[in-house]
Amino acid sequence: MNREVIIYIHSNPTESHKPVEALRIAAGLLASQVSVRLMVHPEAESLFKANSDDLVDGTYRDQFLQVLTDHGLQPELTESVSVTSNNYCIVLKF
């Protein structure tokens, strides 16, 4: 059975380094051929829209986003995450 990692980004990227760190982890997992599902709370949506200079620790954001794009990973906008099956090996919340 294939399992995937859910990464849920909840923090505001203009106030916290955690959203960019979550992208770094997602990029690393994808590069290691781990299945990733990226879920984003509306509060963190600016991570994908704002100028990287406006983000906390946004220096490498564009590089991480390119890795996600290269692997075909699209973020899913959602208010919350509910895991109802055991197909996920871990859920990371940032």
# chains A, B, ... in the order shown; residues from 1 in each chain; ligands from 1
$ select_by_dssp --residues "chain A" --states "strand (DSSP E)" --output "list in words"
Glu4, Val5, Ile6, Ile7, Tyr8, Ile9, Ser35, Val36, Arg37, Leu38, Met39, Val40, Glu76, Leu77, Tyr88, Cys89, Ile90, Val91, Leu92 and Lys93 of chain A
$ residues_around --residues "A:His41" --least-positions-apart "2" --cutoff "10 Å" --atoms "only C-alpha atoms" --output "PyMOL selection string"
chain A and resi 8-12+39+43-45+75-81
$ residues_around --residues "A:Ser32" --least-positions-apart "6" --cutoff "12 Å" --atoms "only C-alpha atoms" --output "list in words"
Ile25, Ala26, Val67 and His71 of chain A
$ write_last_selection --atoms "C-alpha atoms" --output "compact mmCIF listing (two decimals), in the first residue's frame"
# COMPACT_ATOMS: atom_id res chain seq x y z
CA ILE A 25 10.38 19.67 3.68
CA ALA A 26 7.85 18.93 0.91
CA VAL A 67 10.57 21.62 -7.10
CA HIS A 71 6.77 17.10 -9.44
$ closest_residue --among "A:Arg37, A:Phe48, A:Leu30, A:Val20" --to "A:Tyr60" --atoms "only C-alpha atoms"
A:Val20
$ select_by_dssp --residues "chain A" --states "helix (DSSP H, G or I)" --output "PyMOL selection string"
chain A and resi 18-31+42-48+52-54+61-70
$ closest_residue --among "A:Ser16, A:Ser46, A:Ser35, A:Asn51" --to "A:Gly72" --atoms "only C-alpha atoms"
A:Ser35
$ residues_around --residues "A:Asp62" --least-positions-apart "3" --cutoff "12 Å" --atoms "only C-alpha atoms" --output "number ranges by chain"
A: 20, 23-24, 27, 47-53, 55, 57-59, 65-69
$ write_last_selection --atoms "C-alpha atoms" --output "PDB file, in the first residue's frame"
ATOM      1  CA  VAL A  20       8.605  28.261   3.911  1.00  0.00           C
ATOM      2  CA  LEU A  23       7.820  23.900   1.459  1.00  0.00           C
ATOM      3  CA  ARG A  24      11.451  22.901   2.020  1.00  0.00           C
ATOM      4  CA  ALA A  27      10.512  19.518  -1.752  1.00  0.00           C
ATOM      5  CA  LEU A  47       2.815  31.924   0.527  1.00  0.00           C
ATOM      6  CA  PHE A  48       1.998  31.284  -3.138  1.00  0.00           C
ATOM      7  CA  LYS A  49       1.026  34.825  -4.128  1.00  0.00           C
ATOM      8  CA  ALA A  50       3.176  37.322  -2.222  1.00  0.00           C
ATOM      9  CA  ASN A  51       6.561  38.644  -3.202  1.00  0.00           C
ATOM     10  CA  SER A  52       9.144  36.483  -1.435  1.00  0.00           C
ATOM     11  CA  ASP A  53      10.644  39.651   0.102  1.00  0.00           C
ATOM     12  CA  LEU A  55       7.679  36.660   3.651  1.00  0.00           C
ATOM     13  CA  ASP A  57      12.527  33.563   5.523  1.00  0.00           C
ATOM     14  CA  GLY A  58      11.243  33.771   1.952  1.00  0.00           C
ATOM     15  CA  THR A  59      14.675  33.765   0.297  1.00  0.00           C
ATOM     16  CA  LEU A  65       8.011  26.034  -5.303  1.00  0.00           C
ATOM     17  CA  GLN A  66       9.839  25.088  -8.499  1.00  0.00           C
ATOM     18  CA  VAL A  67      10.571  21.618  -7.104  1.00  0.00           C
ATOM     19  CA  LEU A  68       6.893  21.210  -6.197  1.00  0.00           C
ATOM     20  CA  THR A  69       5.850  22.338  -9.691  1.00  0.00           C
TER      21      THR A  69
END
$ atom_distance --atom1 "atom CA of A:Gln63" --atom2 "atom CA of A:Glu15"
20.2 Å
$ closest_residue --among "A:Ala31, A:Leu38, A:Val5, A:Ala22" --to "A:Gln74" --atoms "only C-alpha atoms"
A:Leu38
